[in-house]
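Structure file target.pdb (PDB, C-alpha atoms) is printed below.
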ATOM      1  CA  MET A   2      -9.997   2.978  33.298
ATOM      2  CA  ALA A   3     -11.124   5.187  30.418
ATOM      3  CA  LYS A   4     -14.585   4.522  29.065
ATOM      4  CA  ALA A   5     -14.593   2.904  25.612
ATOM      5  CA  PHE A   6     -16.748   4.080  22.729
ATOM      6  CA  SER A   7     -17.210   3.203  19.068
ATOM      7  CA  LEU A   8     -15.176   4.866  16.296
ATOM      8  CA  SER A   9     -16.236   4.666  12.674
ATOM      9  CA  VAL A  10     -14.189   6.292   9.899
ATOM     10  CA  VAL A  11     -15.576   6.141   6.375
ATOM     11  CA  ALA A  12     -13.955   7.420   3.162
ATOM     12  CA  PRO A  13     -15.669   7.548  -0.253
ATOM     13  CA  ASP A  14     -13.918   4.361  -1.368
ATOM     14  CA  ARG A  15     -14.090   2.235   1.794
ATOM     15  CA  SER A  16     -14.936   1.799   5.434
ATOM     16  CA  VAL A  17     -11.578   2.544   7.049
ATOM     17  CA  VAL A  18     -12.065   1.973  10.783
ATOM     18  CA  GLU A  19     -14.772   0.230  12.839
ATOM     19  CA  THR A  20     -13.477  -0.321  16.363
ATOM     20  CA  GLU A  21     -13.776   0.405  20.083
ATOM     21  CA  VAL A  22     -11.460   3.172  21.325
ATOM     22  CA  THR A  23     -10.792   5.130  24.518
ATOM     23  CA  SER A  24      -9.835   8.450  22.884
ATOM     24  CA  VAL A  25      -9.809  10.266  19.550
ATOM     25  CA  VAL A  26      -7.976  13.432  18.512
ATOM     26  CA  ALA A  27      -9.222  14.994  15.260
ATOM     27  CA  PRO A  28      -8.252  18.017  13.123
ATOM     28  CA  GLY A  29     -11.224  20.379  13.399
ATOM     29  CA  VAL A  30     -11.315  23.452  11.177
ATOM     30  CA  MET A  31     -10.781  25.606  14.293
ATOM     31  CA  GLY A  32      -7.973  23.372  15.588
ATOM     32  CA  TYR A  33      -7.464  19.862  16.887
ATOM     33  CA  PHE A  34      -9.962  18.567  19.460
ATOM     34  CA  GLY A  35     -10.110  15.471  21.636
ATOM     35  CA  VAL A  36     -12.947  13.110  22.441
ATOM     36  CA  LEU A  37     -13.171  10.793  25.453
ATOM     37  CA  GLY A  38     -16.014   8.535  26.624
ATOM     38  CA  ASP A  39     -19.239  10.398  27.554
ATOM     39  CA  HIS A  40     -18.296  13.437  25.432
ATOM     40  CA  VAL A  41     -21.139  15.877  24.782
ATOM     41  CA  PRO A  42     -22.782  15.603  21.344
ATOM     42  CA  LEU A  43     -20.851  17.514  18.684
ATOM     43  CA  VAL A  44     -20.714  18.011  14.937
ATOM     44  CA  SER A  45     -17.578  19.537  13.435
ATOM     45  CA  ALA A  46     -16.087  20.123  10.023
ATOM     46  CA  LEU A  47     -12.608  18.618   9.743
ATOM     47  CA  SER A  48      -9.616  20.001   7.917
ATOM     48  CA  ALA A  49      -6.852  17.922   6.385
ATOM     49  CA  GLY A  50      -4.762  16.456   9.188
ATOM     50  CA  ILE A  51      -4.010  13.428  11.305
ATOM     51  CA  ILE A  52      -6.569  11.521  13.388
ATOM     52  CA  GLU A  53      -5.037   9.767  16.388
ATOM     53  CA  TYR A  54      -6.944   7.197  18.409
ATOM     54  CA  MET A  55      -6.200   4.797  21.245
ATOM     55  CA  GLU A  56      -7.316   1.213  20.756
ATOM     56  CA  ASN A  57      -6.328  -1.416  23.345
ATOM     57  CA  SER A  58      -3.647   0.923  24.767
ATOM     58  CA  GLU A  59      -2.122   1.260  21.292
ATOM     59  CA  ARG A  60      -2.027   4.560  19.381
ATOM     60  CA  SER A  61      -3.035   4.516  15.719
ATOM     61  CA  MET A  62      -2.869   7.315  13.174
ATOM     62  CA  LEU A  63      -4.846   8.085  10.070
ATOM     63  CA  ALA A  64      -4.120  10.905   7.587
ATOM     64  CA  ILE A  65      -7.325  12.472   6.267
ATOM     65  CA  GLY A  66      -8.044  15.067   3.626
ATOM     66  CA  GLY A  67     -10.843  16.795   5.551
ATOM     67  CA  GLY A  68     -14.460  15.862   6.181
ATOM     68  CA  PHE A  69     -16.948  15.878   9.054
ATOM     69  CA  CYS A  70     -17.107  14.406  12.554
ATOM     70  CA  GLU A  71     -20.183  13.587  14.626
ATOM     71  CA  VAL A  72     -19.936  12.718  18.301
ATOM     72  CA  SER A  73     -23.076  11.155  19.769
ATOM     73  CA  ALA A  74     -23.884   8.858  22.680
ATOM     74  CA  GLY A  75     -21.125   6.254  22.722
ATOM     75  CA  LYS A  76     -20.037   6.791  19.116
ATOM     76  CA  VAL A  77     -17.770   8.959  16.964
ATOM     77  CA  THR A  78     -18.443   8.906  13.221
ATOM     78  CA  ILE A  79     -15.992  10.511  10.810
ATOM     79  CA  LEU A  80     -16.825  10.992   7.151
ATOM     80  CA  ALA A  81     -13.454  11.714   5.528
ATOM     81  CA  ASP A  82     -12.740  13.050   2.042
ATOM     82  CA  SER A  83      -9.810  10.590   1.973
ATOM     83  CA  ALA A  84      -8.180   8.444   4.659
ATOM     84  CA  HIS A  85      -4.857   6.600   4.782
ATOM     85  CA  PHE A  86      -3.284   4.606   7.612
ATOM     86  CA  ALA A  87       0.265   5.714   8.362
ATOM     87  CA  ASN A  88       1.617   2.258   7.465
ATOM     88  CA  GLU A  89      -0.110   2.379   4.036
ATOM     89  CA  ILE A  90       1.650   5.581   2.976
ATOM     90  CA  VAL A  91       4.658   5.288   0.667
ATOM     91  CA  VAL A  92       6.796   8.292   1.575
ATOM     92  CA  ALA A  93       8.726   8.320  -1.733
ATOM     93  CA  GLU A  94       5.464   8.571  -3.723
ATOM     94  CA  GLU A  95       4.198  11.392  -1.530
ATOM     95  CA  GLU A  96       7.506  13.242  -1.847
ATOM     96  CA  GLU A  97       7.209  12.983  -5.655
ATOM     97  CA  ARG A  98       3.627  14.349  -5.539
ATOM     98  CA  LEU A  99       4.848  17.150  -3.294
ATOM     99  CA  ALA A 100       7.726  18.008  -5.670
ATOM    100  CA  GLU A 101       5.359  18.120  -8.680
ATOM    101  CA  ALA A 102       2.908  20.346  -6.822
ATOM    102  CA  LEU A 103       5.701  22.699  -5.770
ATOM    103  CA  ARG A 104       6.824  22.925  -9.409
ATOM    104  CA  ALA A 105       3.267  23.890 -10.359
ATOM    105  CA  LEU A 106       3.179  26.568  -7.646
ATOM    106  CA  ARG A 107       6.462  27.997  -8.982
ATOM    107  CA  GLY A 108       4.801  28.318 -12.393
ATOM    108  CA  GLU A 109       6.748  25.565 -14.107
ATOM    109  CA  ASP A 110       5.093  23.570 -16.893
ATOM    110  CA  THR A 111       2.686  21.038 -15.354
ATOM    111  CA  ALA A 112      -0.908  19.874 -15.836
ATOM    112  CA  MET A 113      -1.793  20.855 -12.252
ATOM    113  CA  THR A 114      -3.714  24.062 -11.529
ATOM    114  CA  THR A 115      -2.661  26.316  -8.668
ATOM    115  CA  ASP A 116      -5.638  25.244  -6.531
ATOM    116  CA  GLU A 117      -4.942  21.556  -7.163
ATOM    117  CA  ALA A 118      -1.269  22.097  -6.337
ATOM    118  CA  ARG A 119      -2.123  23.752  -3.013
ATOM    119  CA  GLN A 120      -4.366  20.835  -2.053
ATOM    120  CA  VAL A 121      -1.727  18.279  -3.080
ATOM    121  CA  VAL A 122       0.960  20.098  -1.068
ATOM    122  CA  GLU A 123      -1.224  20.152   2.053
ATOM    123  CA  LEU A 124      -2.260  16.487   1.870
ATOM    124  CA  ALA A 125       1.181  15.188   0.838
ATOM    125  CA  MET A 126       2.824  16.966   3.775
ATOM    126  CA  ILE A 127       0.237  15.532   6.185
ATOM    127  CA  LYS A 128       0.693  12.021   4.805
ATOM    128  CA  ILE A 129       4.483  12.264   5.028
ATOM    129  CA  ARG A 130       4.235  13.501   8.628
ATOM    130  CA  ALA A 131       1.850  10.647   9.529
ATOM    131  CA  ALA A 132       4.101   8.027   7.918
ATOM    132  CA  LYS A 133       7.183   9.289   9.756
ATOM    133  CA  LYS A 134       5.577   9.421  13.246
TER     134      LYS A 134
END
Is it possible to give me this structure as structure tokens?
Amino acid sequence: MAKAFSLSVVAPDRSVVETEVTSVVAPGVMGYFGVLGDHVPLVSALSAGIIEYMENSERSMLAIGGGFCEVSAGKVTILADSAHFANEIVVAEEEERLAEALRALRGEDTAMTTDEARQVVELAMIKIRAAKK
């Protein structure tokens, strides 16, 4: 049996997850990495992506917009720029955000800057992928 450890995910607007898990996969800036019980201590910057974790033999997913992860004795703490459970994501809304951002990147008239549009495209695509998994 896999050793359980504590997972805490916090976003600026709320505490998202506080639970016991047996594994976590997170989007590090150098690529995805996994954490199991008794993992060595680690601090990593996170890029926008999908966090997957196993809780009571059930896989859960969380779309994040980047942040930081700390692995310490028996605990993983993730400070996320934004975090959304897959079942909270409304695909139609994300597809509309994606379409608007793509219009901005094509140079069409919009209030969005190029940098904002790039960030919206990245996060909207991640959220859509999380919702459809």
Quick one: residues within 6 Å of Phe69 (chain A), only C-alpha atoms, excluding same-chain residues fewer than 3 positions away - as an mmCIF file with C-alpha atoms, in the frame of the given file?
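Everything below was put into selection.cif:
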data_model
loop_
_atom_site.group_PDB
_atom_site.id
_atom_site.type_symbol
_atom_site.label_atom_id
_atom_site.label_comp_id
_atom_site.auth_asym_id
_atom_site.auth_seq_id
_atom_site.Cartn_x
_atom_site.Cartn_y
_atom_site.Cartn_z
ATOM 1 C CA SER A 45 -17.578 19.537 13.435
ATOM 2 C CA ALA A 46 -16.087 20.123 10.023
ATOM 3 C CA LEU A 47 -12.608 18.618 9.743
ATOM 4 C CA ILE A 79 -15.992 10.511 10.810
ATOM 5 C CA LEU A 80 -16.825 10.992 7.151
#
Set out as a tab-separated table a contact list for region 62-93 of chain A and region 10-32 of chain A with a cut-off of 8 Å, giving each residue of region 62-93 of chain A that qualifies its closest atom pair and distance in Å to one decimal, counting all atoms listed in the file, ordered by chain and rising residue number.
residue	atom	partner	partner_atom	distance
A:Thr78	CA	A:Val10	CA	6.0
A:Ile79	CA	A:Val10	CA	4.7
A:Leu80	CA	A:Val11	CA	5.1
A:Ala81	CA	A:Ala12	CA	4.9
A:Asp82	CA	A:Ala12	CA	5.9
A:Ser83	CA	A:Ala12	CA	5.4
A:Ala84	CA	A:Ala12	CA	6.1
Using only C-alpha atoms, please write the residues we just selected to a file, as an mmCIF file, in the coordinates of the input.
data_model
loop_
_atom_site.group_PDB
_atom_site.id
_atom_site.type_symbol
_atom_site.label_atom_id
_atom_site.label_comp_id
_atom_site.auth_asym_id
_atom_site.auth_seq_id
_atom_site.Cartn_x
_atom_site.Cartn_y
_atom_site.Cartn_z
ATOM 1 C CA THR A 78 -18.443 8.906 13.221
ATOM 2 C CA ILE A 79 -15.992 10.511 10.810
ATOM 3 C CA LEU A 80 -16.825 10.992 7.151
ATOM 4 C CA ALA A 81 -13.454 11.714 5.528
ATOM 5 C CA ASP A 82 -12.740 13.050 2.042
ATOM 6 C CA SER A 83 -9.810 10.590 1.973
ATOM 7 C CA ALA A 84 -8.180 8.444 4.659
#
Exercise. Convert the output of the PyMOL selection byres ((chain A and resi 132) around 8) on the shown file into explicit residues, formatted as a ChimeraX atom specification.
Key: /A:87-88,90-92,128-131,133-134
Self-check item: Within-10 Å shell of (-6.3, -2.1, 26.7) in input frame, all atoms listed in the file, as an NGL selection string
Solution: :A and (2-3 or 5 or 22-23 or 55-59)
Quiz prompt | Answer key for the PyMOL selection byres ((chain A and resi 76) around 10), residues as a list in words | solution =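 That selection, the PyMOL selection byres ((chain A and resi 76) around 10), comes back as Ala5, Phe6, Ser7, Leu8, Ser9, Glu21, Val22, Gly38, Asp39, His40, Pro42, Glu71, Val72, Ser73, Ala74, Gly75, Val77, Thr78 and Ile79 of chain A.
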Quiz item: Which one of A:His85, A:Lys4, A:Arg98, A:Arg107 sits closest to Gln120 (chain A) if you count all atoms listed in the file?
Solution: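 Checking each of A:His85, A:Lys4, A:Arg98, A:Arg107 against Gln120 (chain A), counting all atoms listed in the file, the winner is A:Arg98.
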Self-check item: One-decimal distance in Å that lies between CA of Val122 (chain A) and CA of Ala100 (chain A)
Solution: 8.4 Å
Quiz prompt | Neighbour residues at most 8 Å from (-0.6, 15.6, 2.3) (all atoms listed in the file) as a list in words | solution =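 Collected hits near the coordinates: Ala49, Ala64, Gly66, Glu95, Leu99, Gln120, Val121, Val122, Glu123, Leu124, Ala125, Met126, Ile127, Lys128 and Ile129 of chain A.
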Quiz item: Expressed in Å to a single decimal, how great is the separation between CA of Ala118 (chain A) and CA of Ala105 (chain A)?
Solution: 6.3 Å
Exercise. Identify all residues satisfying the PyMOL selection byres ((chain A and resi 53) around 7) in the given file; provide them as a PyMOL selection string.
Key: chain A and resi 25-27+51-52+54+60-63
Exercise. Take CA of Glu97 (chain A) and CA of Gly67 (chain A) and report the distance between them in Å, one decimal.
Key: 21.6 Å
Quiz prompt | Minimum-distance residue to Phe34 (chain A), chosen among A:Ile65, A:Cys70, A:Glu96, A:Ala112 (using only C-alpha atoms) | solution =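 Counting only C-alpha atoms, the residue closest to Phe34 (chain A) is A:Cys70.
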If the box runs along x, y and z of the file and leaves 5 Å on each side of region 74-77 of chain A, what are its centre and edge lengths in Å, one decimal, as AutoDock Vina command-line options?
--center_x -20.8 --center_y 7.6 --center_z 19.8 --size_x 16.1 --size_y 12.7 --size_z 15.8
